[in-house]
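Student: Got final_29.txt for you, compact mmCIF, C-alpha atoms:
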# COMPACT_ATOMS: atom_id res chain seq x y z
CA MET A 238 -7.98 35.68 -24.12
CA LYS A 239 -10.77 33.33 -25.15
CA LYS A 240 -8.37 31.33 -27.27
CA PHE A 241 -5.95 31.10 -24.37
CA ILE A 242 -8.62 29.73 -22.06
CA GLU A 243 -9.87 27.36 -24.75
CA GLN A 244 -6.45 25.84 -25.17
CA SER A 245 -5.32 25.71 -21.58
CA TRP A 246 -8.33 25.31 -19.28
CA LEU A 247 -7.68 21.61 -18.80
CA ILE A 248 -4.04 22.06 -17.91
CA LEU A 249 -4.83 24.88 -15.50
CA THR A 250 -7.63 22.95 -13.83
CA LEU A 251 -5.54 19.81 -13.52
CA GLY A 252 -2.69 21.90 -12.15
CA VAL A 253 -4.88 23.23 -9.36
CA VAL A 254 -6.46 19.85 -8.58
CA PHE A 255 -3.11 18.08 -8.44
CA ALA A 256 -1.60 20.84 -6.32
CA VAL A 257 -4.38 20.36 -3.78
CA LEU A 258 -3.87 16.58 -3.84
CA LEU A 259 -0.15 16.96 -3.27
CA ALA A 260 -0.64 19.48 -0.49
CA GLY A 261 -3.06 17.08 1.18
CA ALA A 262 -0.69 14.15 0.88
CA GLN A 263 2.23 16.19 2.19
CA THR A 264 0.29 17.54 5.20
CA SER A 265 -1.10 14.21 6.23
CA LEU A 266 2.12 12.25 5.81
CA ALA A 267 4.63 14.83 7.07
CA PRO A 268 4.32 13.84 10.78
CA ARG A 269 5.08 10.20 10.02
CA ILE A 270 8.01 11.10 7.78
CA ASP A 271 9.47 13.43 10.39
CA ALA A 272 9.08 10.74 13.03
CA ASN A 273 10.94 8.32 10.76
CA LEU A 274 13.78 10.77 10.19
CA THR A 275 14.07 11.46 13.93
CA ARG A 276 14.10 7.76 14.68
CA ALA A 277 16.84 7.17 12.13
CA LEU A 278 18.87 10.01 13.62
CA ASN A 279 18.43 8.68 17.17
CA GLU A 280 19.47 5.21 16.09
CA ALA A 281 22.57 6.69 14.51
CA ILE A 282 23.40 8.62 17.69
CA GLY A 283 22.97 5.42 19.67
CA GLN A 284 25.53 3.77 17.45
CA VAL A 285 28.17 6.48 17.57
CA VAL A 286 28.12 7.40 21.26
CA PRO A 287 28.33 4.34 23.52
CA GLY A 288 26.16 4.38 26.62
CA VAL A 289 23.82 7.15 25.53
CA VAL A 290 20.32 6.99 26.99
CA LYS A 291 19.05 10.53 26.47
CA THR A 292 20.03 13.41 24.20
CA GLU A 293 19.61 17.14 24.45
CA SER A 294 19.79 19.20 21.33
CA LEU A 295 21.82 22.38 21.55
CA THR A 296 23.14 25.10 19.28
CA VAL A 297 26.85 25.66 19.18
CA PRO A 298 27.94 29.18 18.18
CA GLY A 299 29.69 29.07 14.84
CA TYR A 300 27.98 25.85 13.69
CA ASP A 301 24.67 25.82 11.90
CA ARG A 302 23.66 22.17 12.30
CA ALA A 303 22.41 20.21 15.30
CA VAL A 304 24.71 19.09 18.09
CA TYR A 305 23.45 16.72 20.77
CA LYS A 306 24.59 16.45 24.36
CA CYS A 307 24.49 12.71 25.13
CA LEU A 308 23.63 11.65 28.65
CA GLY A 309 24.01 8.23 30.19
CA ARG A 310 21.81 6.23 32.53
CA ASP A 311 22.68 8.37 35.56
CA GLY A 312 22.43 11.65 33.69
CA GLN A 313 26.18 12.02 33.29
CA LEU A 314 27.75 13.28 30.11
CA VAL A 315 28.82 10.33 27.93
CA GLY A 316 29.66 12.21 24.76
CA TRP A 317 28.54 14.56 22.03
CA ALA A 318 26.88 13.75 18.71
CA ILE A 319 27.34 16.07 15.77
CA ASP A 320 25.09 16.19 12.71
CA ALA A 321 27.33 17.05 9.76
CA SER A 322 26.77 17.36 6.06
CA GLY A 323 28.89 18.15 3.04
CA ALA A 324 29.63 17.44 -0.58
CA GLY A 325 30.33 13.87 -1.54
CA PHE A 326 31.21 12.41 -4.92
CA ALA A 327 27.63 12.26 -6.22
CA ASP A 328 25.65 14.59 -3.97
CA LYS A 329 25.51 15.60 -0.32
CA ILE A 330 26.55 13.19 2.39
CA ARG A 331 24.97 13.49 5.82
CA LEU A 332 26.53 11.81 8.83
CA VAL A 333 26.54 11.73 12.61
CA ALA A 334 29.89 11.83 14.40
CA GLY A 335 30.25 10.95 18.06
CA ILE A 336 33.01 12.37 20.24
CA SER A 337 34.10 11.70 23.80
CA PRO A 338 32.94 13.93 26.69
CA ASP A 339 36.28 15.79 26.70
CA THR A 340 35.97 16.25 22.89
CA THR A 341 39.40 14.76 22.23
CA ARG A 342 38.51 11.40 20.67
CA ILE A 343 36.04 10.22 18.06
CA THR A 344 33.79 7.51 19.46
CA GLY A 345 31.97 6.60 16.28
CA LEU A 346 30.75 7.66 12.86
CA LYS A 347 27.65 6.80 10.89
CA VAL A 348 26.70 8.01 7.44
CA ILE A 349 22.92 8.43 7.43
CA GLU A 350 22.24 9.91 4.01
CA ASN A 351 24.16 9.37 0.82
CA VAL A 352 23.65 8.73 -2.87
CA GLU A 353 27.16 7.58 -3.65
CA THR A 354 27.85 4.91 -6.27
CA PRO A 355 26.15 1.66 -5.25
CA GLY A 356 28.66 -1.05 -4.48
CA LEU A 357 31.58 1.39 -4.27
CA GLY A 358 31.04 4.80 -2.68
CA ASN A 359 28.03 3.75 -0.68
CA LYS A 360 30.25 1.44 1.34
CA ILE A 361 30.91 4.55 3.46
CA ALA A 362 27.62 3.63 5.13
CA ASP A 363 29.00 0.24 6.16
CA GLU A 364 29.90 -0.19 9.80
CA SER A 365 33.06 -2.07 8.89
CA TRP A 366 34.50 0.97 7.13
CA ALA A 367 33.22 3.62 9.52
CA ARG A 368 34.67 1.70 12.46
CA GLN A 369 38.13 2.96 11.45
CA PHE A 370 37.24 6.39 12.75
CA ARG A 371 36.77 5.16 16.30
CA GLY A 372 39.54 6.28 18.59
CA LEU A 373 40.98 8.85 16.20
CA GLU A 374 41.89 12.27 17.51
CA ALA A 375 39.14 14.83 17.11
CA GLY A 376 41.56 17.73 17.27
CA ARG A 377 43.57 16.75 14.18
CA ARG A 378 42.37 16.45 10.60
CA MET A 379 41.77 12.89 9.44
CA VAL A 380 43.84 11.72 6.51
CA VAL A 381 42.62 9.16 4.03
CA GLN A 382 45.31 6.92 2.58
CA LYS A 383 45.15 4.23 -0.05
CA ARG A 384 46.96 1.80 2.19
CA PRO A 385 46.40 0.48 5.72
CA PRO A 386 46.50 3.36 8.22
CA ALA A 387 49.73 4.03 10.07
CA ALA A 388 49.38 4.23 13.84
CA GLY A 389 49.40 7.65 15.46
CA ARG A 390 48.86 9.57 12.23
CA ASN A 391 45.04 9.91 12.41
CA GLU A 392 44.63 7.94 9.21
CA VAL A 393 41.94 5.77 7.69
CA GLN A 394 42.12 3.57 4.64
CA ALA A 395 40.06 4.58 1.60
CA ILE A 396 37.51 2.24 0.06
CA THR A 397 39.02 0.66 -3.04
CA GLY A 398 37.58 2.42 -6.04
CA ALA A 399 35.92 5.09 -3.90
CA THR A 400 38.71 7.41 -2.82
CA ILE A 401 36.70 10.56 -3.41
CA SER A 402 33.75 9.36 -1.32
CA SER A 403 36.12 8.27 1.45
CA ARG A 404 37.97 11.59 1.46
CA ALA A 405 34.64 13.45 1.42
CA VAL A 406 33.59 11.74 4.63
CA ALA A 407 36.91 12.52 6.33
CA ASP A 408 36.69 16.15 5.22
CA ILE A 409 33.11 16.53 6.38
CA VAL A 410 34.00 15.17 9.82
CA SER A 411 37.18 17.22 10.12
CA ASP A 412 35.44 20.44 9.06
CA ALA A 413 32.55 19.88 11.45
CA LEU A 414 34.85 19.11 14.36
CA ASP A 415 36.96 22.20 13.63
CA ARG A 416 33.85 24.35 13.92
CA VAL A 417 32.17 22.58 16.83
CA ARG A 418 34.96 21.84 19.27
CA PRO A 419 35.82 25.46 20.13
CA GLY A 420 32.14 26.15 20.86
CA LEU A 421 31.86 23.00 22.96
CA ALA A 422 34.90 23.89 25.01
CA GLY A 423 32.89 26.55 26.76
CA LEU A 424 29.99 24.20 27.49
CA ARG A 425 31.73 21.18 28.93
CA MET B 83 -21.81 -7.30 -21.97
CA ALA B 84 -20.05 -10.60 -21.66
CA GLU B 85 -17.85 -9.68 -24.57
CA ALA B 86 -16.82 -6.41 -22.96
CA ASP B 87 -15.96 -8.19 -19.69
CA ASN B 88 -13.97 -10.74 -21.61
CA SER B 89 -11.95 -8.13 -23.40
CA ASN B 90 -11.16 -6.30 -20.14
CA LEU B 91 -9.99 -9.56 -18.65
CA ARG B 92 -7.99 -10.21 -21.80
CA GLN B 93 -6.34 -6.79 -21.46
CA PHE B 94 -5.44 -7.66 -17.88
CA THR B 95 -3.89 -11.04 -18.62
CA ASP B 96 -2.07 -9.65 -21.64
CA GLY B 97 -0.20 -7.21 -19.45
CA LEU B 98 0.58 -10.03 -17.05
CA VAL B 99 2.07 -12.59 -19.43
CA ALA B 100 1.74 -12.29 -23.19
CA ASN B 101 2.64 -8.61 -23.26
CA ASN B 102 4.66 -8.36 -20.05
CA PRO B 103 6.14 -4.85 -19.98
CA THR B 104 9.54 -5.97 -18.72
CA LEU B 105 10.16 -9.31 -20.39
CA VAL B 106 8.25 -8.91 -23.64
CA GLN B 107 7.86 -5.20 -24.31
CA LEU B 108 11.31 -4.53 -22.80
CA LEU B 109 10.25 -1.24 -21.22
CA GLY B 110 11.49 0.30 -17.98
CA MET B 111 14.81 -1.55 -18.02
CA CYS B 112 16.65 0.94 -15.84
CA PRO B 113 14.67 0.50 -12.61
CA THR B 114 14.46 -3.21 -13.39
CA LEU B 115 18.24 -3.48 -13.29
CA ALA B 116 18.63 -1.17 -10.32
CA VAL B 117 16.10 -2.40 -7.78
CA THR B 118 16.15 -6.15 -8.30
CA ASN B 119 19.12 -6.64 -5.98
CA SER B 120 16.64 -7.69 -3.32
CA VAL B 121 13.10 -9.05 -3.30
CA GLU B 122 11.98 -6.41 -0.82
CA ASN B 123 13.10 -3.57 -3.10
CA ALA B 124 11.44 -5.24 -6.07
CA LEU B 125 8.12 -5.65 -4.27
CA VAL B 126 7.98 -2.07 -3.03
CA MET B 127 8.96 -0.66 -6.42
CA GLY B 128 6.30 -2.86 -8.03
CA ALA B 129 3.65 -1.61 -5.61
CA ALA B 130 4.56 2.02 -6.31
CA VAL B 131 4.42 1.46 -10.07
CA ILE B 132 1.04 -0.29 -9.86
CA PHE B 133 -0.39 2.65 -7.93
CA VAL B 134 0.97 5.25 -10.36
CA LEU B 135 -0.01 3.23 -13.43
CA VAL B 136 -3.59 2.70 -12.26
CA MET B 137 -4.13 6.35 -11.28
CA SER B 138 -2.49 7.59 -14.45
CA ASN B 139 -4.53 5.31 -16.72
CA LEU B 140 -7.71 6.14 -14.82
CA ILE B 141 -7.33 9.88 -15.17
CA THR B 142 -5.99 9.84 -18.71
CA SER B 143 -8.82 7.60 -19.82
CA ALA B 144 -11.44 9.78 -18.11
CA LEU B 145 -10.05 12.80 -19.92
CA ARG B 146 -9.36 11.09 -23.23
CA ASN B 147 -11.94 13.04 -25.21
CA ARG B 148 -10.66 16.37 -24.01
CA LEU B 149 -6.99 15.91 -24.76
CA GLN B 150 -5.96 18.51 -27.27
CA PRO B 151 -2.94 17.39 -29.31
CA HIS B 152 -0.60 20.09 -28.13
CA VAL B 153 -1.04 19.35 -24.43
CA ARG B 154 -1.31 15.53 -24.45
CA ILE B 155 2.19 14.67 -23.37
CA LEU B 156 2.18 17.55 -20.92
CA ILE B 157 -0.97 16.26 -19.26
CA PHE B 158 0.37 12.68 -19.17
CA THR B 159 3.55 13.85 -17.50
CA LEU B 160 1.75 16.16 -15.07
CA THR B 161 -0.51 13.34 -13.94
CA ILE B 162 2.30 10.83 -13.60
CA ALA B 163 4.53 13.27 -11.71
CA THR B 164 1.78 14.06 -9.20
CA PHE B 165 1.10 10.43 -8.37
CA VAL B 166 4.75 9.49 -8.21
CA THR B 167 5.28 12.28 -5.69
CA ILE B 168 2.36 11.02 -3.62
CA ALA B 169 3.77 7.47 -3.83
CA ASP B 170 7.21 8.71 -2.77
CA LEU B 171 5.77 10.47 0.28
CA ALA B 172 3.78 7.36 1.19
CA LEU B 173 6.87 5.16 0.93
CA LYS B 174 8.90 7.54 3.08
CA ALA B 175 6.13 7.47 5.67
CA TYR B 176 5.39 3.74 5.78
CA VAL B 177 8.47 1.83 4.59
CA PHE B 178 11.26 4.26 5.41
CA GLU B 179 14.24 1.89 5.19
CA VAL B 180 13.25 0.46 1.83
CA SER B 181 12.52 3.95 0.55
CA ARG B 182 16.09 4.91 1.47
CA LYS B 183 17.46 1.88 -0.36
CA LEU B 184 15.44 2.65 -3.47
CA GLY B 185 16.90 6.15 -3.38
CA PRO B 186 16.47 8.13 -6.59
CA PHE B 187 14.61 5.34 -8.38
CA VAL B 188 11.22 6.19 -6.89
CA PRO B 189 11.14 9.74 -8.29
CA LEU B 190 12.50 8.25 -11.52
CA ILE B 191 9.25 6.32 -11.94
CA ILE B 192 8.05 9.53 -13.57
CA VAL B 193 10.17 8.71 -16.61
CA ASN B 194 9.47 4.99 -16.58
CA CYS B 195 8.49 4.22 -20.16
CA ILE B 196 5.88 1.67 -19.16
CA ILE B 197 3.60 4.28 -17.67
CA ILE B 198 3.74 6.79 -20.46
CA ALA B 199 3.53 4.03 -23.09
CA ARG B 200 0.34 2.62 -21.58
CA ALA B 201 -1.10 6.12 -21.31
CA GLU B 202 -0.42 6.71 -24.99
CA VAL B 203 -1.39 3.30 -26.34
CA VAL B 204 -4.34 2.34 -24.15
CA ALA B 205 -5.57 5.00 -21.76
CA SER B 206 -5.91 7.81 -24.27
CA ARG B 207 -7.96 5.60 -26.58
CA GLN B 208 -9.99 3.14 -24.51
CA GLY B 209 -12.66 3.40 -21.86
CA VAL B 210 -11.96 3.63 -18.16
CA ALA B 211 -12.64 -0.03 -17.31
CA ARG B 212 -10.36 -1.28 -20.07
CA SER B 213 -7.61 1.16 -19.15
CA VAL B 214 -7.69 0.25 -15.47
CA ALA B 215 -7.62 -3.47 -16.33
CA ASP B 216 -4.59 -2.80 -18.50
CA ALA B 217 -2.93 -0.81 -15.72
CA PHE B 218 -3.37 -3.63 -13.22
CA GLY B 219 -2.18 -6.18 -15.75
CA CYS B 220 0.94 -4.30 -16.74
CA GLY B 221 1.66 -3.24 -13.16
CA LEU B 222 1.38 -6.79 -11.84
CA GLY B 223 3.36 -8.10 -14.81
CA PHE B 224 6.13 -5.62 -14.01
CA THR B 225 6.05 -6.59 -10.32
CA LEU B 226 6.19 -10.32 -11.10
CA ALA B 227 9.09 -9.86 -13.50
CA LEU B 228 10.95 -7.77 -10.93
CA CYS B 229 10.32 -10.32 -8.18
CA LEU B 230 11.54 -13.14 -10.38
CA LEU B 231 14.79 -11.30 -11.00
CA GLY B 232 14.95 -10.25 -7.36
CA VAL B 233 14.64 -13.81 -6.08
CA ILE B 234 17.41 -15.01 -8.37
CA ARG B 235 19.76 -12.15 -7.58
CA GLU B 236 19.19 -12.04 -3.84
CA LEU B 237 19.43 -15.82 -3.35
CA LEU B 238 22.64 -16.08 -5.33
CA GLY B 239 24.08 -12.73 -4.31
CA SER B 240 23.23 -12.47 -0.62
CA GLY B 241 22.74 -16.12 0.24
CA GLY B 242 19.15 -15.73 1.43
CA ILE B 243 16.02 -13.61 1.15
CA THR B 244 14.78 -11.19 3.80
CA VAL B 245 11.51 -9.33 3.40
CA MET B 246 9.63 -6.64 5.28
CA ARG B 247 12.05 -5.50 7.91
CA ASP B 248 10.24 -2.17 8.21
CA TRP B 249 7.04 -3.57 9.63
CA GLY B 250 8.54 -5.33 12.58
CA TRP B 251 8.43 -8.86 11.36
CA SER B 252 10.66 -10.29 8.72
CA TRP B 253 10.32 -13.33 6.56
CA HIS B 254 13.69 -14.82 6.13
CA LEU B 255 14.67 -17.55 3.73
CA ASP B 256 18.15 -18.86 4.26
CA PRO B 257 19.11 -21.99 2.33
CA LYS B 258 22.45 -22.94 3.78
CA VAL B 259 23.51 -24.38 0.47
CA PHE B 260 24.66 -20.94 -0.68
CA GLU B 261 26.99 -20.34 2.22
CA PRO B 262 29.69 -19.42 2.92
CA HIS B 263 30.43 -17.56 -0.32
CA ALA B 264 27.56 -15.95 -2.09
CA TRP B 265 28.14 -14.55 -5.57
CA VAL B 266 28.47 -10.91 -4.59
CA ILE B 267 28.50 -9.93 -8.25
CA MET B 268 24.84 -10.92 -8.48
CA ILE B 269 23.76 -7.99 -6.32
CA MET B 270 25.90 -5.55 -8.27
CA PRO B 271 25.21 -4.08 -11.73
CA PRO B 272 26.95 -6.83 -13.78
CA GLY B 273 24.75 -9.39 -12.04
CA ALA B 274 21.70 -7.35 -12.99
CA PHE B 275 22.56 -7.42 -16.68
CA LEU B 276 23.46 -11.10 -16.60
CA THR B 277 20.24 -12.13 -14.86
CA LEU B 278 18.02 -9.95 -17.00
CA GLY B 279 19.65 -11.15 -20.21
CA ILE B 280 19.35 -14.80 -19.32
CA VAL B 281 15.75 -14.49 -18.18
CA ILE B 282 14.75 -12.63 -21.36
CA GLY B 283 16.55 -15.27 -23.39
CA VAL B 284 14.60 -18.04 -21.70
CA VAL B 285 11.34 -16.14 -22.14
CA ASN B 286 12.05 -15.58 -25.85
CA HIS B 287 12.80 -19.27 -26.29
CA LEU B 288 9.54 -20.27 -24.62
CA ARG B 289 7.62 -17.74 -26.70
CA SER B 290 9.03 -18.92 -30.01
CA ARG B 291 8.23 -22.50 -29.09
CA ALA B 292 4.68 -21.52 -28.20
CA ALA B 293 4.36 -19.59 -31.45
CA ALA B 294 5.67 -22.53 -33.47
CA LYS B 295 3.19 -24.87 -31.80
CA GLY B 296 0.37 -22.40 -32.32
CA GLY B 297 1.30 -21.93 -35.98
CA ALA B 298 1.57 -25.61 -36.77
Take the structure in this file and express it as structure tokens.
Tutor:
Amino acid sequence: MKKFIEQSWLILTLGVVFAVLLAGAQTSLAPRIDANLTRALNEAIGQVVPGVVKTESLTVPGYDRAVYKCLGRDGQLVGWAIDASGAGFADKIRLVAGISPDTTRITGLKVIENVETPGLGNKIADESWARQFRGLEAGRRMVVQKRPPAAGRNEVQAITGATISSRAVADIVSDALDRVRPGLAGLR
Amino acid sequence: MAEADNSNLRQFTDGLVANNPTLVQLLGMCPTLAVTNSVENALVMGAAVIFVLVMSNLITSALRNRLQPHVRILIFTLTIATFVTIADLALKAYVFEVSRKLGPFVPLIIVNCIIIARAEVVASRQGVARSVADAFGCGLGFTLALCLLGVIRELLGSGGITVMRDWGWSWHLDPKVFEPHAWVIMIMPPGAFLTLGIVIGVVNHLRSRAAAKGGA
């Protein structure tokens, strides 16, 4: 026992001291970090649902992530924002999808967290690529093609060299919509 | 006393120029390549590394007489990991957008060779003042090297330089001469290798000329 203490007292002491330091840093900075994350989320919602002024968070039965009821200037329903996450090429992708008040059309899409390949996969976060999703039908699965999308077929074009990342985004959105829309139908 | 001050100052300037961790010692190449696609990223990464390096050298040097051989590396790594985590939290709290752009490279500071090399070579052998001077020198040297590369890559690759968007104001440099087509390759990995290689080549040339002059 004495030998154990002799050899490891420094490590054990440092371990405790550093743990306290880390706990202190985490506690004091957590409010700011949470505020930053909320702000980023609200900005994303603002970009995917046009005309939104206020949001109300709600839980949809059958879906475990946040869904937001988006209200306009006069308090009317202008759309819904859905927080969705799923597997991408490298790691998880987190995005916000906006749909119309009657839940039939997609009004916008924004990827808010991703660690896809820089210069290739992470182009899914670019507005110019995500814009393709606007106007697509929310009730049908989105299809990612390696050529310009054909009209009426709910298609988007993949990013060159990043087909897997592109398909991941389409799948994440389609899966989330499949689970959320039935629950929303009762709340409209 | 004057001699001791002089040698601390010497240690500092060594890390800055003569023994620059990035351009002379060639350590920490991975984050150098990854985060120099913009000056803002380079500056924030540099700041984080300075903080971790100084704290790591400080603590390692204070404990240098108690480091038993079988736990040395473990204690270095434990110290570095703690301060990198604190730095990561601070970045997420105060410069959220840049922290997102830096992505996995902030936690990866833990395995940045510069920090563990300085702990091994200087902090575990020298006094606290000397070690801290070395940490500032190497940290600033790293930051300067990164900013140099960042300026080159961002100017050529994005057409202009934008700094500090997170804090409300932004300093924007936009020489129209690079429009309308910037060299997009400069902000991608090939551009990183090209820029780094050329800069190190120039630095080596200047060093050999200085050595030749000094010798003769």
Student: Up to 12 Å from (6.5, 6.9, 12.0) in the file's coordinates: name the residues, counting only C-alpha atoms, as a list in words.
Tutor: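 Residues with an atom at most 12 Å from (6.5, 6.9, 12.0): Leu266, Ala267, Pro268, Arg269, Ile270, Asp271, Ala272, Asn273, Leu274, Thr275, Arg276 and Ala277 of chain A; Ala172, Leu173, Lys174, Ala175, Tyr176, Val177, Phe178, Glu179, Asp248 and Trp249 of chain B.
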Student: Tell me, in Å to one decimal, how far CA of Phe370 in chain A is from CA of Val406 in chain A.
Tutor: 10.4 Å
Student: Give me, as a list in words, the residues of chain B touching chain A, with the criterion being at most 9 Å (counting all atoms listed in the file).
Tutor: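 Going by the stated atoms only, the list reads Arg148, Leu149, Gln150, His152, Val153, Leu156, Ile157, Leu160, Thr161, Thr164, Phe165, Thr167, Ile168, Leu171, Ala172, Lys174, Ala175, Tyr176, Phe178, Arg182, Gly185, Pro186, Ile269, Met270 and Pro271 of chain B.
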Student: Could you list, as a list in words, every residue within 8 Å of Ser240 in chain B, counting only C-alpha atoms and ignoring same-chain residues fewer than 3 positions away?
Tutor: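 These residues fall inside the cut-off: Arg235, Glu236, Leu237, Ile243, Ala264, Trp265, Val266 and Ile269 of chain B.
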Student: Using only C-alpha atoms, which protein or nucleic acid residues come within 9 Å of Gly110 in chain B? Drop anything in the same chain fewer than 4 positions from it, and give the result as a compact mmCIF listing (two decimals) with C-alpha atoms, keeping the file's coordinate frame.
Tutor:
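Written file, part-v3.txt:
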# COMPACT_ATOMS: atom_id res chain seq x y z
CA PRO B 103 6.14 -4.85 -19.98
CA THR B 104 9.54 -5.97 -18.72
CA THR B 114 14.46 -3.21 -13.39
CA ILE B 191 9.25 6.32 -11.94
CA VAL B 193 10.17 8.71 -16.61
CA ASN B 194 9.47 4.99 -16.58
CA CYS B 195 8.49 4.22 -20.16
CA ILE B 196 5.88 1.67 -19.16
CA ILE B 197 3.60 4.28 -17.67
CA PHE B 224 6.13 -5.62 -14.01
Student: How many Å lie between CA of Ala227 in chain B and CA of Lys360 in chain A, rounded to one decimal?
Tutor: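 Computed distance, CA of Ala227 in chain B to CA of Lys360 in chain A, equals 28.2 Å.
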Student: Excluding same-chain residues fewer than 2 positions from range 388-391 of chain A, what lies within 12 Å of it counting only C-alpha atoms, as JSON, numbers by chain?
Tutor: {"A": [342, 343, 369, 370, 371, 372, 373, 374, 375, 376, 377, 378, 379, 380, 381, 382, 385, 386, 393, 394, 407, 411]}
Student: Quick one: distance from CA of Ala327 in chain A to CA of Ile401 in chain A in Å, one decimal?
Tutor: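 Taking CA of Ala327 in chain A as the start and CA of Ile401 in chain A as the end point, the length is 9.6 Å.
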Student: Name the residues in contact with Asn88 in chain B at a cut-off of 12 Å, using all atoms listed in the file, excluding same-chain residues fewer than 6 positions from it; report them as a list in words.
Tutor: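 Here the answer would be Phe94, Thr95, Asp96, Ala211, Arg212 and Ala215 of chain B.
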Student: Just checking: using only C-alpha atoms, which residue out of B:Gln93, B:Asn102, B:Ser181, B:Thr244 ends up closest to Val204 in chain B?
Tutor: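 Among the listed residues, the smallest separation from Val204 in chain B belongs to B:Gln93.
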